[in-house]
>>> print(open('protein11.cif').read())   # mmCIF, C-alpha atoms (C1' of nucleotides)
data_protein
loop_
_atom_site.label_atom_id
_atom_site.label_comp_id
_atom_site.auth_asym_id
_atom_site.auth_seq_id
_atom_site.Cartn_x
_atom_site.Cartn_y
_atom_site.Cartn_z
CA MET A 1 -91.35 -54.16 -135.18
CA ARG A 2 -87.90 -55.66 -135.09
CA GLU A 3 -86.58 -57.42 -131.99
CA ASP A 4 -83.15 -58.74 -131.07
CA ILE A 5 -82.84 -62.50 -131.00
CA PRO A 6 -82.66 -63.49 -127.33
CA PRO A 7 -79.23 -64.86 -126.38
CA GLY A 8 -79.29 -68.63 -126.38
CA THR A 9 -82.17 -69.11 -128.80
CA LEU A 10 -80.49 -68.75 -132.19
CA ASP A 11 -79.17 -72.32 -132.32
CA MET A 12 -82.66 -73.63 -131.66
CA LEU A 13 -84.16 -71.41 -134.36
CA ILE A 14 -81.55 -72.57 -136.88
CA LEU A 15 -82.02 -76.25 -136.04
CA ARG A 16 -85.77 -75.99 -136.33
CA THR A 17 -85.52 -74.06 -139.60
CA LEU A 18 -83.22 -76.70 -141.07
CA ALA A 19 -85.54 -79.45 -139.87
CA ARG A 20 -88.43 -77.75 -141.62
CA ASN A 21 -86.52 -77.46 -144.93
CA PRO A 22 -84.37 -80.56 -145.34
CA ASP A 23 -81.51 -80.36 -147.87
CA GLN A 24 -82.42 -76.95 -149.17
CA LEU A 25 -80.81 -74.24 -147.12
CA HIS A 26 -77.42 -72.57 -147.10
CA GLY A 27 -76.42 -70.00 -144.49
CA PHE A 28 -77.97 -67.04 -146.24
CA GLY A 29 -81.13 -69.03 -146.88
CA ILE A 30 -81.44 -69.87 -143.19
CA ALA A 31 -81.33 -66.17 -142.32
CA GLU A 32 -83.96 -65.40 -144.93
CA ALA A 33 -86.19 -68.22 -143.71
CA ILE A 34 -86.00 -67.08 -140.08
CA ALA A 35 -86.74 -63.49 -141.07
CA GLY A 36 -89.69 -64.65 -143.13
CA ASN A 37 -91.11 -67.14 -140.64
CA SER A 38 -90.85 -64.64 -137.81
CA GLY A 39 -92.83 -62.09 -139.80
CA GLY A 40 -89.83 -59.80 -140.06
CA VAL A 41 -89.39 -59.57 -136.29
CA PHE A 42 -85.99 -61.28 -136.35
CA ILE A 43 -83.21 -60.15 -138.66
CA VAL A 44 -80.37 -62.66 -138.29
CA GLU A 45 -77.17 -60.66 -138.62
CA GLU A 46 -74.33 -62.42 -140.40
CA GLY A 47 -72.10 -61.78 -137.40
CA SER A 48 -74.49 -63.92 -135.38
CA LEU A 49 -75.31 -66.47 -138.04
CA TYR A 50 -71.88 -67.70 -139.08
CA PRO A 51 -70.41 -68.05 -135.60
CA ALA A 52 -73.54 -69.98 -134.65
CA LEU A 53 -73.12 -72.32 -137.61
CA GLN A 54 -69.45 -72.86 -136.71
CA ARG A 55 -70.39 -73.72 -133.13
CA MET A 56 -73.00 -76.17 -134.31
CA LEU A 57 -70.64 -77.82 -136.79
CA LEU A 58 -68.11 -78.31 -133.97
CA GLN A 59 -70.82 -79.76 -131.74
CA GLY A 60 -71.78 -82.15 -134.51
CA TRP A 61 -75.36 -80.88 -134.59
CA ILE A 62 -75.20 -80.05 -138.30
CA VAL A 63 -73.08 -80.92 -141.31
CA GLY A 64 -72.46 -78.72 -144.35
CA ASP A 65 -71.67 -79.51 -147.97
CA TRP A 66 -70.37 -76.98 -150.47
CA GLY A 67 -72.55 -76.58 -153.52
CA ARG A 68 -73.93 -74.07 -155.97
CA THR A 69 -77.00 -71.86 -155.76
CA ALA A 70 -79.57 -71.52 -158.54
CA ASP A 71 -77.59 -68.60 -159.95
CA ASN A 72 -74.29 -70.48 -159.75
CA ARG A 73 -72.77 -69.00 -156.61
CA ARG A 74 -70.87 -71.12 -154.14
CA ALA A 75 -72.70 -71.80 -150.90
CA ARG A 76 -72.70 -74.24 -148.02
CA TYR A 77 -75.81 -76.38 -147.60
CA TYR A 78 -76.55 -77.65 -144.12
CA ARG A 79 -78.51 -80.52 -142.63
CA VAL A 80 -79.28 -81.64 -139.10
CA THR A 81 -77.60 -84.74 -137.68
CA PRO A 82 -79.37 -87.14 -135.28
CA SER A 83 -77.42 -85.53 -132.46
CA GLY A 84 -78.62 -82.15 -133.67
CA ARG A 85 -82.19 -83.33 -133.65
CA ARG A 86 -81.85 -84.47 -130.04
CA GLN A 87 -80.34 -81.10 -129.18
CA MET A 88 -83.24 -79.36 -130.87
CA ASP A 89 -85.74 -81.34 -128.81
CA ARG A 90 -83.84 -80.58 -125.61
CA ALA A 91 -83.70 -76.88 -126.47
CA VAL A 92 -87.40 -76.67 -127.30
CA ARG A 93 -88.35 -78.39 -124.07
CA SER A 94 -86.07 -76.15 -122.05
CA TYR A 95 -87.43 -73.08 -123.82
CA GLY A 96 -90.95 -74.18 -122.95
CA ARG A 97 -90.07 -74.52 -119.27
CA VAL A 98 -88.58 -71.05 -119.31
CA THR A 99 -91.52 -69.35 -121.00
CA ARG A 100 -94.02 -71.08 -118.73
CA ALA A 101 -92.03 -70.01 -115.68
CA ILE A 102 -91.86 -66.42 -116.93
CA ALA A 103 -95.60 -66.44 -117.60
CA LYS A 104 -96.21 -67.53 -114.02
CA VAL A 105 -94.04 -64.76 -112.61
CA LEU A 106 -95.66 -62.18 -114.86
CA ASN A 107 -99.06 -63.55 -113.89
CA LEU A 108 -100.68 -62.39 -117.08
CA SER A 109 -103.57 -64.05 -118.84
CA PRO A 110 -102.62 -66.00 -121.98
CA LEU A 111 -104.16 -63.21 -124.06
CA GLU A 112 -101.96 -60.56 -122.49
CA ALA A 113 -98.83 -62.62 -123.01
CA MET B 114 -86.03 -78.52 -113.20
CA ARG B 115 -84.01 -75.36 -112.75
CA GLU B 116 -83.38 -73.00 -115.68
CA ASP B 117 -81.15 -69.97 -116.09
CA ILE B 118 -82.93 -66.66 -116.28
CA PRO B 119 -82.71 -65.55 -119.92
CA PRO B 120 -80.48 -62.48 -120.34
CA GLY B 121 -82.59 -59.37 -120.55
CA THR B 122 -85.64 -60.67 -118.69
CA LEU B 123 -84.62 -60.20 -115.05
CA ASP B 124 -85.52 -56.51 -114.89
CA MET B 125 -89.00 -57.30 -116.17
CA LEU B 126 -89.46 -60.11 -113.65
CA ILE B 127 -88.38 -57.84 -110.79
CA LEU B 128 -90.65 -54.99 -111.89
CA ARG B 129 -93.61 -57.27 -112.21
CA THR B 130 -92.90 -58.90 -108.84
CA LEU B 131 -92.70 -55.50 -107.15
CA ALA B 132 -95.91 -54.42 -108.85
CA ARG B 133 -97.63 -57.53 -107.52
CA ASN B 134 -96.45 -56.87 -103.95
CA PRO B 135 -96.45 -53.12 -103.35
CA ASP B 136 -94.43 -51.81 -100.39
CA GLN B 137 -93.52 -55.22 -99.07
CA LEU B 138 -90.38 -56.51 -100.67
CA HIS B 139 -86.70 -56.04 -100.06
CA GLY B 140 -84.03 -57.53 -102.34
CA PHE B 141 -83.99 -60.92 -100.72
CA GLY B 142 -87.76 -61.02 -100.72
CA ILE B 143 -87.85 -60.32 -104.44
CA ALA B 144 -85.60 -63.29 -105.08
CA GLU B 145 -87.76 -65.53 -102.90
CA ALA B 146 -90.93 -64.34 -104.61
CA ILE B 147 -89.54 -65.01 -108.10
CA ALA B 148 -88.34 -68.45 -107.05
CA GLY B 149 -91.74 -69.21 -105.57
CA ASN B 150 -93.86 -67.79 -108.40
CA SER B 151 -91.79 -69.60 -111.02
CA GLY B 152 -92.36 -72.90 -109.25
CA GLY B 153 -88.68 -73.19 -108.38
CA VAL B 154 -87.58 -72.95 -112.00
CA PHE B 155 -85.73 -69.66 -111.48
CA ILE B 156 -83.22 -69.19 -108.68
CA VAL B 157 -82.21 -65.54 -108.70
CA GLU B 158 -78.54 -65.46 -107.75
CA GLU B 159 -77.46 -62.52 -105.61
CA GLY B 160 -74.79 -61.69 -108.17
CA SER B 161 -77.59 -61.12 -110.68
CA LEU B 162 -80.12 -59.57 -108.30
CA TYR B 163 -78.15 -56.70 -106.78
CA PRO B 164 -76.56 -55.43 -110.00
CA ALA B 165 -80.03 -55.49 -111.55
CA LEU B 166 -81.46 -53.46 -108.68
CA GLN B 167 -78.61 -50.95 -109.00
CA ARG B 168 -79.24 -50.57 -112.73
CA MET B 169 -82.92 -50.02 -112.11
CA LEU B 170 -82.32 -47.47 -109.36
CA LEU B 171 -80.05 -45.53 -111.74
CA GLN B 172 -82.69 -45.71 -114.46
CA GLY B 173 -85.25 -44.37 -112.02
CA TRP B 174 -87.49 -47.39 -112.46
CA ILE B 175 -87.52 -48.18 -108.74
CA VAL B 176 -86.75 -46.43 -105.47
CA GLY B 177 -85.54 -48.06 -102.28
CA ASP B 178 -85.93 -47.14 -98.63
CA TRP B 179 -83.90 -48.65 -95.83
CA GLY B 180 -85.97 -50.32 -93.17
CA ARG B 181 -86.14 -53.29 -90.85
CA THR B 182 -87.39 -56.81 -91.46
CA ALA B 183 -89.76 -58.66 -89.12
CA ASP B 184 -86.74 -60.04 -87.24
CA ASN B 185 -85.09 -56.65 -87.02
CA ARG B 186 -82.50 -56.91 -89.77
CA ARG B 187 -81.69 -53.97 -91.99
CA ALA B 188 -83.02 -54.26 -95.52
CA ARG B 189 -83.89 -52.08 -98.47
CA TYR B 190 -87.55 -52.00 -99.50
CA TYR B 191 -88.28 -51.19 -103.11
CA ARG B 192 -91.21 -49.82 -105.04
CA VAL B 193 -91.86 -49.13 -108.71
CA THR B 194 -91.96 -45.56 -109.99
CA PRO B 195 -94.33 -44.41 -112.76
CA SER B 196 -91.38 -44.54 -115.14
CA GLY B 197 -90.71 -48.10 -113.96
CA ARG B 198 -94.28 -49.06 -114.64
CA ARG B 199 -94.02 -47.75 -118.19
CA GLN B 200 -90.79 -49.68 -118.62
CA MET B 201 -92.49 -52.81 -117.34
CA ASP B 202 -95.28 -52.44 -119.89
CA ARG B 203 -92.78 -51.88 -122.68
CA ALA B 204 -90.77 -54.92 -121.63
CA VAL B 205 -93.83 -57.16 -121.40
CA ARG B 206 -95.02 -56.10 -124.83
CA SER B 207 -91.57 -56.62 -126.32
CA TYR B 208 -91.31 -60.01 -124.65
CA GLY B 209 -94.66 -60.96 -126.14
CA ARG B 210 -93.51 -60.02 -129.63
CA VAL B 211 -90.37 -62.10 -129.17
CA THR B 212 -92.13 -65.22 -127.92
CA ARG B 213 -94.76 -65.03 -130.64
CA ALA B 214 -92.02 -64.67 -133.27
CA ILE B 215 -90.12 -67.63 -131.83
CA ALA B 216 -93.31 -69.70 -131.78
CA LYS B 217 -93.82 -68.95 -135.48
CA VAL B 218 -90.28 -69.99 -136.36
CA LEU B 219 -90.58 -73.15 -134.28
CA ASN B 220 -93.95 -73.77 -135.89
CA LEU B 221 -95.26 -75.58 -132.86
CA SER B 222 -98.81 -75.56 -131.59
CA PRO B 223 -99.37 -73.42 -128.48
CA LEU B 224 -99.69 -76.62 -126.44
CA GLU B 225 -96.28 -77.85 -127.53
CA ALA B 226 -94.67 -74.50 -126.75
"C1'" DT C 227 -63.22 -53.70 -167.42
"C1'" DG C 228 -65.44 -52.31 -163.56
"C1'" DT C 229 -69.24 -52.20 -160.48
"C1'" DC C 230 -72.57 -54.63 -157.94
"C1'" DC C 231 -74.09 -58.12 -154.97
"C1'" DG C 232 -74.68 -62.84 -152.98
"C1'" DA C 233 -72.45 -65.55 -149.70
"C1'" DC C 234 -69.11 -66.65 -146.32
"C1'" DA C 235 -66.16 -65.16 -142.61
"C1'" DT C 236 -63.81 -62.82 -138.48
"C1'" DA C 237 -62.72 -59.22 -134.91
"C1'" DG C 238 -64.16 -56.60 -131.31
"C1'" DA C 239 -67.88 -54.20 -128.58
"C1'" DC C 240 -71.26 -54.91 -125.34
"C1'" DA C 241 -74.74 -56.57 -122.09
"C1'" DG C 242 -76.35 -59.51 -118.65
"C1'" DT C 243 -76.27 -63.60 -115.94
"C1'" DC C 244 -73.41 -66.71 -113.22
"C1'" DT C 245 -69.80 -68.16 -109.73
"C1'" DA C 246 -67.14 -66.81 -106.01
"C1'" DT C 247 -66.01 -63.95 -102.39
"C1'" DG C 248 -66.60 -60.43 -98.84
"C1'" DT C 249 -68.96 -57.56 -95.19
"C1'" DT C 250 -72.11 -56.40 -91.58
"C1'" DA C 251 -75.05 -57.24 -87.83
"C1'" DA C 252 -78.71 -59.73 -85.53
"C1'" DC C 253 -79.96 -63.98 -83.47
"C1'" DC C 254 -79.33 -68.35 -80.97
"C1'" DC C 255 -77.15 -71.52 -77.98
"C1'" DG C 256 -74.03 -73.27 -74.83
"C1'" DC D 257 -70.83 -63.66 -72.75
"C1'" DG D 258 -68.69 -65.50 -76.65
"C1'" DG D 259 -68.80 -68.05 -81.13
"C1'" DG D 260 -71.21 -69.86 -84.86
"C1'" DT D 261 -74.92 -69.33 -87.97
"C1'" DT D 262 -77.63 -66.81 -91.02
"C1'" DA D 263 -80.15 -62.78 -93.36
"C1'" DA D 264 -79.20 -59.24 -96.33
"C1'" DC D 265 -76.48 -56.38 -99.15
"C1'" DA D 266 -72.62 -55.86 -102.21
"C1'" DT D 267 -68.74 -56.34 -105.80
"C1'" DA D 268 -65.27 -58.60 -108.98
"C1'" DG D 269 -64.46 -61.37 -112.68
"C1'" DA D 270 -65.68 -65.29 -115.89
"C1'" DC D 271 -68.39 -66.48 -119.55
"C1'" DT D 272 -71.67 -66.67 -123.30
"C1'" DG D 273 -73.87 -65.00 -127.24
"C1'" DT D 274 -75.60 -61.44 -130.08
"C1'" DC D 275 -74.52 -57.14 -132.47
"C1'" DT D 276 -71.78 -53.75 -135.36
"C1'" DA D 277 -68.22 -53.20 -138.50
"C1'" DT D 278 -65.18 -54.79 -141.75
"C1'" DG D 279 -63.12 -57.88 -145.18
"C1'" DT D 280 -62.86 -61.35 -148.96
"C1'" DC D 281 -64.10 -63.84 -153.05
"C1'" DG D 282 -66.24 -64.74 -157.28
"C1'" DG D 283 -70.09 -64.59 -160.57
"C1'" DA D 284 -73.18 -61.58 -163.27
"C1'" DC D 285 -73.99 -57.87 -166.16
"C1'" DA D 286 -73.53 -53.39 -168.31
#
>>> encode(input="protein11.cif", output="structure tokens")
Amino acid sequence: MREDIPPGTLDMLILRTLARNPDQLHGFGIAEAIAGNSGGVFIVEEGSLYPALQRMLLQGWIVGDWGRTADNRRARYYRVTPSGRRQMDRAVRSYGRVTRAIAKVLNLSPLEA
Amino acid sequence: MREDIPPGTLDMLILRTLARNPDQLHGFGIAEAIAGNSGGVFIVEEGSLYPALQRMLLQGWIVGDWGRTADNRRARYYRVTPSGRRQMDRAVRSYGRVTRAIAKVLNLSPLEA
DNA sequence: TGTCCGACATAGACAGTCTATGTTAACCCG
DNA sequence: CGGGTTAACATAGACTGTCTATGTCGGACA
């Protein structure tokens, strides 16, 4: 079943996806990878994806180079900068604190969560 | 370390907190309980709390009765309706799907998450 | 030549939390 | 008895980020 991507998590998902596939992914490919890795739960809409990439370029977390896909279409290939990797680590740690705090408030066993 | 409450999760946290403390909590008490149960990670701001309670009253997920606190101040005591309990279950299940999907994309072991 | 589609991009809607401010009334202390 | 403090409720507006909807461009292929 599909779920919306929680506000604030998309940048982290993109950074981690790029880190898992160095020098291989353009924008469209990132969306496909996230959809696949999430088991189809997350569909990254283009209206979310491209603004996120723009933000992250401005922040210096990623850089993009224009290139060509296998079937000769123009596309922008992204990679994570050192600053982006630090941001990814920060985001993952923060996300962990949040989920642990929510689990405590919900007071559910790990299996129920 | 303090964290913002992720958009979309506050209603679930309030419902679960009320379910854990039937017939005992007014608005302020809910905020204190969430702060306490989260280990101080979440501080529920009043500007988030009261609009959330209003939404949930309108939805019929909770009902509130005016009463008096131990030191004789007026306060509104809330409890969860059957519809609210169903909503809570839906929200918890949805939240579980989301966190599992994020964990897959992050590709971290449960301990790292 | 014309349609389709991959890929990038932007505008505006919308939802929910935060900051900031305001109100009421009980309590405490001098 | 009067003034400050605080509990408790409440609202307005800023802000952020995702979503829907729409648009563009160019390569492939019939």
>>> resolve_selection(input="protein11.cif", expression="the PyMOL selection byres ((chain B) within 10 of (chain D))", output="PyMOL selection string")
chain B and resi 120+139-142+159-160+163-164+182+184+186-189
>>> atom_distance(input="protein11.cif", atom1="atom CA of Ser83 of chain A", atom2="atom CA of Leu18 of chain A")
13.6 Å
>>> resolve_selection(input="protein11.cif", expression="the PyMOL selection byres ((chain A) within 7 of (chain B))", output="list in words")
Glu3, Pro7, Leu13, Arg16, Ile34, Asn37, Ser38, Val41, Gly96, Val98, Ala101, Ile102, Lys104, Val105, Leu106 and Ala113 of chain A
>>> atom_distance(input="protein11.cif", atom1="atom CA of Val80 of chain A", atom2="atom CA of Gly64 of chain A")
9.1 Å
>>> atom_distance(input="protein11.cif", atom1="atom CA of Tyr190 of chain B", atom2="atom CA of Gln137 of chain B")
6.8 Å
>>> resolve_selection(input="protein11.cif", expression="the PyMOL selection byres ((chain C) within 12 of (chain B))", output="list in words")
DA241, DG242, DT243, DC244, DT245, DA246, DT247, DT250, DA251, DA252 and DC253 of chain C
>>> residues_around(input="protein11.cif", residues="Gly173 of chain B", least_positions_apart="2", cutoff="12 Å", atoms="all atoms listed in the file", output="PyMOL selection string")
chain B and resi 128+166-171+175-177+191-200
>>> decode(input="protein11.cif", residues="segment 130-212 of chain B", atoms="C-alpha atoms", output="PDB file, in the first residue's frame")
ATOM      1  CA  THR B 130      -1.470   9.126  25.155  1.00  0.00           C
ATOM      2  CA  LEU B 131      -5.172   9.493  25.929  1.00  0.00           C
ATOM      3  CA  ALA B 132      -5.680   5.771  25.461  1.00  0.00           C
ATOM      4  CA  ARG B 133      -2.897   5.099  27.947  1.00  0.00           C
ATOM      5  CA  ASN B 134      -4.423   7.440  30.549  1.00  0.00           C
ATOM      6  CA  PRO B 135      -8.202   7.170  30.351  1.00  0.00           C
ATOM      7  CA  ASP B 136     -10.261   9.960  31.947  1.00  0.00           C
ATOM      8  CA  GLN B 137      -7.287  11.744  33.442  1.00  0.00           C
ATOM      9  CA  LEU B 138      -5.802  14.192  31.016  1.00  0.00           C
ATOM     10  CA  HIS B 139      -6.573  17.740  30.008  1.00  0.00           C
ATOM     11  CA  GLY B 140      -4.704  19.525  27.196  1.00  0.00           C
ATOM     12  CA  PHE B 141      -1.797  20.623  29.303  1.00  0.00           C
ATOM     13  CA  GLY B 142      -1.533  17.177  30.821  1.00  0.00           C
ATOM     14  CA  ILE B 143      -1.344  15.597  27.388  1.00  0.00           C
ATOM     15  CA  ALA B 144       1.594  17.814  26.504  1.00  0.00           C
ATOM     16  CA  GLU B 145       3.357  16.946  29.752  1.00  0.00           C
ATOM     17  CA  ALA B 146       2.741  13.242  29.239  1.00  0.00           C
ATOM     18  CA  ILE B 147       4.144  13.291  25.701  1.00  0.00           C
ATOM     19  CA  ALA B 148       7.190  15.243  26.839  1.00  0.00           C
ATOM     20  CA  GLY B 149       7.731  12.779  29.665  1.00  0.00           C
ATOM     21  CA  ASN B 150       7.104   9.589  27.690  1.00  0.00           C
ATOM     22  CA  SER B 151       9.381  10.736  24.880  1.00  0.00           C
ATOM     23  CA  GLY B 152      12.202  11.315  27.334  1.00  0.00           C
ATOM     24  CA  GLY B 153      12.118  15.063  26.716  1.00  0.00           C
ATOM     25  CA  VAL B 154      12.685  14.676  22.983  1.00  0.00           C
ATOM     26  CA  PHE B 155       9.284  16.127  22.075  1.00  0.00           C
ATOM     27  CA  ILE B 156       8.061  19.420  23.491  1.00  0.00           C
ATOM     28  CA  VAL B 157       4.471  19.854  22.355  1.00  0.00           C
ATOM     29  CA  GLU B 158       4.009  23.573  21.735  1.00  0.00           C
ATOM     30  CA  GLU B 159       0.609  24.971  22.644  1.00  0.00           C
ATOM     31  CA  GLY B 160       0.282  26.351  19.126  1.00  0.00           C
ATOM     32  CA  SER B 161       0.431  22.762  17.881  1.00  0.00           C
ATOM     33  CA  LEU B 162      -1.513  21.137  20.705  1.00  0.00           C
ATOM     34  CA  TYR B 163      -4.742  23.131  20.722  1.00  0.00           C
ATOM     35  CA  PRO B 164      -5.291  23.214  16.955  1.00  0.00           C
ATOM     36  CA  ALA B 165      -4.716  19.451  16.954  1.00  0.00           C
ATOM     37  CA  LEU B 166      -7.300  18.952  19.699  1.00  0.00           C
ATOM     38  CA  GLN B 167      -9.790  21.118  17.783  1.00  0.00           C
ATOM     39  CA  ARG B 168      -9.259  19.081  14.620  1.00  0.00           C
ATOM     40  CA  MET B 169      -9.774  15.866  16.526  1.00  0.00           C
ATOM     41  CA  LEU B 170     -12.922  17.118  18.246  1.00  0.00           C
ATOM     42  CA  LEU B 171     -14.353  18.039  14.827  1.00  0.00           C
ATOM     43  CA  GLN B 172     -13.421  14.621  13.474  1.00  0.00           C
ATOM     44  CA  GLY B 173     -15.183  13.016  16.416  1.00  0.00           C
ATOM     45  CA  TRP B 174     -12.043  11.201  17.505  1.00  0.00           C
ATOM     46  CA  ILE B 175     -12.149  12.679  21.002  1.00  0.00           C
ATOM     47  CA  VAL B 176     -14.645  14.378  23.289  1.00  0.00           C
ATOM     48  CA  GLY B 177     -13.857  16.902  25.988  1.00  0.00           C
ATOM     49  CA  ASP B 178     -15.588  17.806  29.237  1.00  0.00           C
ATOM     50  CA  TRP B 179     -14.858  20.915  31.242  1.00  0.00           C
ATOM     51  CA  GLY B 180     -13.762  20.248  34.774  1.00  0.00           C
ATOM     52  CA  ARG B 181     -11.409  21.351  37.502  1.00  0.00           C
ATOM     53  CA  THR B 182      -7.800  20.441  38.148  1.00  0.00           C
ATOM     54  CA  ALA B 183      -6.438  19.400  41.548  1.00  0.00           C
ATOM     55  CA  ASP B 184      -5.667  23.055  42.310  1.00  0.00           C
ATOM     56  CA  ASN B 185      -9.085  24.205  41.180  1.00  0.00           C
ATOM     57  CA  ARG B 186      -8.309  25.572  37.741  1.00  0.00           C
ATOM     58  CA  ARG B 187     -10.684  25.090  34.852  1.00  0.00           C
ATOM     59  CA  ALA B 188      -9.519  22.582  32.269  1.00  0.00           C
ATOM     60  CA  ARG B 189     -10.909  20.391  29.545  1.00  0.00           C
ATOM     61  CA  TYR B 190     -10.583  16.636  30.050  1.00  0.00           C
ATOM     62  CA  TYR B 191     -10.495  14.499  26.943  1.00  0.00           C
ATOM     63  CA  ARG B 192     -11.254  10.906  26.107  1.00  0.00           C
ATOM     64  CA  VAL B 193     -11.033   8.834  22.946  1.00  0.00           C
ATOM     65  CA  THR B 194     -14.198   7.791  21.128  1.00  0.00           C
ATOM     66  CA  PRO B 195     -14.562   4.419  19.361  1.00  0.00           C
ATOM     67  CA  SER B 196     -14.016   6.247  16.078  1.00  0.00           C
ATOM     68  CA  GLY B 197     -10.865   7.771  17.573  1.00  0.00           C
ATOM     69  CA  ARG B 198      -9.610   4.371  18.567  1.00  0.00           C
ATOM     70  CA  ARG B 199     -10.072   3.100  15.030  1.00  0.00           C
ATOM     71  CA  GLN B 200      -8.236   6.158  13.738  1.00  0.00           C
ATOM     72  CA  MET B 201      -5.420   5.496  16.181  1.00  0.00           C
ATOM     73  CA  ASP B 202      -5.060   1.922  14.927  1.00  0.00           C
ATOM     74  CA  ARG B 203      -5.068   3.089  11.320  1.00  0.00           C
ATOM     75  CA  ALA B 204      -2.448   5.738  12.069  1.00  0.00           C
ATOM     76  CA  VAL B 205      -0.191   3.316  13.929  1.00  0.00           C
ATOM     77  CA  ARG B 206      -0.369   0.786  11.114  1.00  0.00           C
ATOM     78  CA  SER B 207       0.334   3.464   8.511  1.00  0.00           C
ATOM     79  CA  TYR B 208       3.228   4.781  10.578  1.00  0.00           C
ATOM     80  CA  GLY B 209       4.648   1.270  10.749  1.00  0.00           C
ATOM     81  CA  ARG B 210       4.497   0.882   6.986  1.00  0.00           C
ATOM     82  CA  VAL B 211       6.268   4.211   6.566  1.00  0.00           C
ATOM     83  CA  THR B 212       9.081   3.481   8.997  1.00  0.00           C
TER      84      THR B 212
END
